[in-house]
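Here is model.cif, consisting of mmCIF, C-alpha atoms:
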data_run
loop_
_atom_site.label_atom_id
_atom_site.label_comp_id
_atom_site.auth_asym_id
_atom_site.auth_seq_id
_atom_site.Cartn_x
_atom_site.Cartn_y
_atom_site.Cartn_z
CA MET A 1 0.00 0.00 0.00
CA ILE A 2 1.05 3.56 -0.42
CA THR A 3 1.74 5.79 2.56
CA ALA A 4 -1.82 7.14 2.57
CA GLY A 5 -3.09 3.57 2.57
CA LYS A 6 -1.05 2.71 5.64
CA ARG A 7 -2.32 5.83 7.38
CA PHE A 8 -5.93 4.87 6.71
CA LEU A 9 -5.23 1.31 7.85
CA TYR A 10 -3.72 2.50 11.13
CA LEU A 11 -6.48 5.07 11.60
CA GLY A 12 -9.15 2.42 11.06
CA ILE A 13 -7.57 0.00 13.51
CA PHE A 14 -7.16 2.80 16.06
CA LEU A 15 -10.81 3.87 15.68
CA ALA A 16 -12.00 0.28 15.94
CA ILE A 17 -10.07 -0.28 19.17
CA LEU A 18 -11.19 3.09 20.57
CA PHE A 19 -14.86 2.43 19.83
CA GLY A 20 -14.53 -1.11 21.19
CA ILE A 21 -13.18 0.24 24.47
CA LEU A 22 -15.95 2.85 24.62
CA ARG A 23 -18.57 0.16 23.96
CA ALA A 24 -17.06 -2.06 26.66
CA ARG A 25 -17.36 0.84 29.12
CA GLY A 26 -21.06 1.19 28.42
CA SER A 27 -21.35 3.58 25.50
CA THR A 28 -24.56 3.04 23.53
CA ALA A 29 -23.57 5.26 20.60
CA TRP A 30 -23.51 3.29 17.37
CA LEU A 31 -24.15 5.58 14.41
CA VAL A 32 -21.06 7.80 14.58
CA PRO A 33 -18.67 4.93 15.41
CA TRP A 34 -20.18 2.83 12.62
CA LEU A 35 -19.92 5.65 10.09
CA LEU A 36 -16.34 6.51 11.05
CA THR A 37 -15.04 2.95 11.28
CA GLY A 38 -16.94 1.76 8.22
CA GLY A 39 -16.11 4.90 6.25
CA VAL A 40 -12.39 4.63 6.91
CA GLY A 41 -12.66 0.93 5.98
CA LEU A 42 -14.33 1.77 2.69
CA ILE A 43 -11.62 4.32 1.88
CA CYS A 44 -8.87 1.89 2.87
CA GLY A 45 -10.30 -0.81 0.61
CA ALA A 46 -10.48 1.60 -2.32
CA ILE A 47 -6.78 2.48 -2.20
CA TYR A 48 -4.65 1.20 -5.06
CA VAL A 49 -2.97 -2.18 -4.65
CA HIS A 50 -0.35 -3.30 -7.16
CA PRO A 51 -1.84 -6.05 -9.36
CA LYS A 52 0.93 -8.40 -8.26
CA TYR A 53 -0.47 -8.35 -4.70
CA LEU A 54 -4.22 -8.38 -5.43
CA THR A 55 -4.73 -12.07 -4.65
CA THR A 56 -2.64 -11.92 -1.50
CA VAL A 57 -4.44 -8.85 -0.17
CA PHE A 58 -7.87 -10.25 -1.06
CA LEU A 59 -7.28 -13.60 0.64
CA SER A 60 -5.69 -11.93 3.67
CA ILE A 61 -8.68 -9.67 4.23
CA ILE A 62 -11.07 -12.61 3.83
CA GLY A 63 -9.02 -14.56 6.37
CA LEU A 64 -9.09 -11.66 8.82
CA VAL A 65 -12.87 -11.27 8.60
CA ILE A 66 -13.42 -15.02 9.06
CA ALA A 67 -10.98 -15.22 11.99
CA LEU A 68 -12.51 -12.18 13.68
CA SER A 69 -15.99 -13.65 13.23
CA ALA A 70 -14.85 -16.93 14.79
CA ILE A 71 -13.31 -15.11 17.75
CA LEU A 72 -16.48 -13.06 18.20
CA LEU A 73 -18.65 -16.19 18.36
CA GLN A 74 -16.74 -17.73 21.26
CA ASP A 75 -18.86 -17.61 24.41
CA TYR A 76 -16.03 -17.48 26.93
CA ASN A 77 -14.44 -14.24 25.73
CA PRO A 78 -14.63 -11.31 28.14
CA LYS A 79 -17.04 -8.56 27.12
CA TRP A 80 -14.30 -6.01 26.49
CA LEU A 81 -12.55 -8.36 24.05
CA SER A 82 -15.78 -9.11 22.19
CA ASP A 83 -16.51 -5.39 21.91
CA ILE A 84 -13.07 -4.62 20.47
CA VAL A 85 -13.16 -7.58 18.08
CA PHE A 86 -16.61 -6.50 16.90
CA TRP A 87 -15.37 -3.07 15.81
CA VAL A 88 -12.18 -4.44 14.26
CA ARG A 89 -14.36 -6.83 12.27
CA VAL A 90 -16.59 -3.93 11.18
CA PHE A 91 -13.50 -2.12 9.89
CA PHE A 92 -12.06 -5.07 7.96
CA ALA A 93 -15.48 -6.12 6.61
CA HIS A 94 -15.84 -2.64 5.08
CA VAL A 95 -12.29 -2.84 3.69
CA LEU A 96 -13.23 -6.16 2.09
CA LEU A 97 -16.54 -4.76 0.80
CA SER A 98 -15.01 -1.85 -1.09
CA PHE A 99 -11.94 -3.83 -2.20
CA ALA A 100 -14.03 -6.67 -3.66
CA LEU A 101 -16.65 -4.37 -5.18
CA LEU A 102 -14.03 -2.29 -6.98
CA ARG A 103 -12.32 -5.41 -8.33
CA LEU A 104 -15.70 -6.75 -9.47
CA VAL A 105 -16.68 -3.53 -11.25
CA LYS A 106 -13.24 -2.84 -12.72
CA PRO A 107 -11.03 -5.91 -12.60
CA GLY A 108 -7.32 -5.27 -12.81
CA ARG A 109 -4.83 -7.22 -14.81
CA ASP A 110 -4.31 -10.87 -14.03
CA PRO A 111 -1.58 -11.15 -11.38
CA ALA A 112 -0.15 -14.16 -13.25
CA ASP A 113 0.70 -11.88 -16.21
CA ILE A 114 2.92 -9.65 -14.08
CA ASP A 115 6.64 -10.32 -13.88
#
Represent the structure from my file as structure tokens, please.
Amino acid sequence: MITAGKRFLYLGIFLAILFGILRARGSTAWLVPWLLTGGVGLICGAIYVHPKYLTTVFLSIIGLVIALSAILLQDYNPKWLSDIVFWVRVFFAHVLLSFALLRLVKPGRDPADID
């Protein structure tokens, strides 16, 4: 990713952890955290990825969303951990949404064709 991409990635993870901590402490706000975390995720997923790394990035994001969903479903996690994992999953699910949608609408070159 380019420098801006890394900044959005770090910002999204920071926001997800922040909103998870706030939720664990009893905050009932959901609209602003959802819009901020999801919005940064959508922007992060729309950032250019070199065609050579498209498959790797796509499979990595899918793996993250699946792993975070599996962690979230475990009953014995403390509430604070479940709240943080929920918001991190929201972030990466939105990254995956925009990344996959852009590649569906405008597919890039085949990574196998790249040297």
For region 14-25 of chain A, what centre and edge lengths in Å (one decimal) does the axis-aligned box get once 4 Å is added on each side of all its listed atoms, as JSON?
{"center_x": -12.9, "center_y": 0.9, "center_z": 22.4, "size_x": 19.4, "size_y": 13.9, "size_z": 21.4}
Nearest residue to Ser27 (chain A) from the set A:Val88, A:Leu64, A:Arg103, A:Asp83 (distances using only C-alpha atoms):
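Closest to Ser27 (chain A), using only C-alpha atoms: A:Asp83.
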Selection result for the PyMOL selection byres ((chain A and resi 37) around 8) on this file, as an MDAnalysis selection string:
chainID A and resid 12 15:16 33:36 38:41 87 90:91
In Å to one decimal, how far is CA of Phe99 (chain A) from CA of Ile84 (chain A)?
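Going from CA of Ile84 (chain A) over to CA of Phe99 (chain A), I get 22.7 Å.
Note on the selection: in this file the PyMOL selection byres ((chain A and resi 2-6) around 9) comes out as Met1, Arg7, Phe8, Leu9, Tyr10, Leu11, Ile43, Cys44, Gly45, Ile47, Tyr48 and Val49 of chain A.
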Please produce an output containing C-alpha atoms for each residue in the selection, written as an mmCIF file, keeping the file's coordinate frame.
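File selection_24.cif, as written:
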data_model
loop_
_atom_site.group_PDB
_atom_site.id
_atom_site.type_symbol
_atom_site.label_atom_id
_atom_site.label_comp_id
_atom_site.auth_asym_id
_atom_site.auth_seq_id
_atom_site.Cartn_x
_atom_site.Cartn_y
_atom_site.Cartn_z
ATOM 1 C CA MET A 1 0.000 0.000 0.000
ATOM 2 C CA ARG A 7 -2.320 5.830 7.380
ATOM 3 C CA PHE A 8 -5.930 4.870 6.710
ATOM 4 C CA LEU A 9 -5.230 1.310 7.850
ATOM 5 C CA TYR A 10 -3.720 2.500 11.130
ATOM 6 C CA LEU A 11 -6.480 5.070 11.600
ATOM 7 C CA ILE A 43 -11.620 4.320 1.880
ATOM 8 C CA CYS A 44 -8.870 1.890 2.870
ATOM 9 C CA GLY A 45 -10.300 -0.810 0.610
ATOM 10 C CA ILE A 47 -6.780 2.480 -2.200
ATOM 11 C CA TYR A 48 -4.650 1.200 -5.060
ATOM 12 C CA VAL A 49 -2.970 -2.180 -4.650
#
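Interatomic distance, CA of Lys106 (chain A) to CA of Lys52 (chain A): 15.9 Å.
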